[in-house]
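Chemist: Here it is, the structure, as structure tokens.
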Amino acid sequence: MRKNFAGIGYQYDAARDAFIPPQPYPSWILAEESCLWMAPLPKPEDGTPWYWDELSRSWQQQPSAPNQ
């Protein structure tokens, strides 16, 4: 069994026998066991929406939408 299904933009790595998705950010690291990309820092799990900021290489809190 391969680690991931094939997808648009995925690369097949014969040595790992796995399809690897495109790297989302240059700083992200390939996890060998899953062949998925991981941020260099774990995402906070506090129920708040977060996004990855590549310039600071950190998770940033998603700004809340203004009241309408």
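Convention: chains lettered A, B, ... in structure tokens order; per-chain residue numbering from 1; ligands numbered from 1 as shown.
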Excluding same-chain residues fewer than 4 positions from Phe19 (chain A), what lies within 9 Å of it counting only C-alpha atoms, as a list in words?
Modeler: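 The filter keeps Arg2, Lys3, Asn4, Phe5, Ala6, Gly7, Tyr10, Gln11, Tyr12, Asp13, Ala14 and Cys35 of chain A.
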Chemist: Which is closer to Leu36 (chain A) than all the others in A:Pro22, A:Trp50, A:Leu55, A:Pro66, using only C-alpha atoms?
Modeler: A:Pro22
Chemist: Going by DSSP on the backbone, which bits of chain A are strand (DSSP E or B)? Write them as a count of residues only, please.
Modeler: 20
Chemist: In Å to one decimal, how far is CA of Pro21 (chain A) from CA of Ser56 (chain A)?
Modeler: 23.3 Å
Chemist: One decimal, Å: what's the distance from CA of Ile20 (chain A) over to CA of Met38 (chain A), could you say?
Modeler: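 Result for CA of Ile20 (chain A) versus CA of Met38 (chain A): 12.2 Å, one decimal.
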Chemist: What does the distance between CA of Pro40 (chain A) and CA of Pro63 (chain A) come to in Å, to one decimal place?
Modeler: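 Answer for the CA of Pro40 (chain A) to CA of Pro63 (chain A) separation: 22.1 Å.
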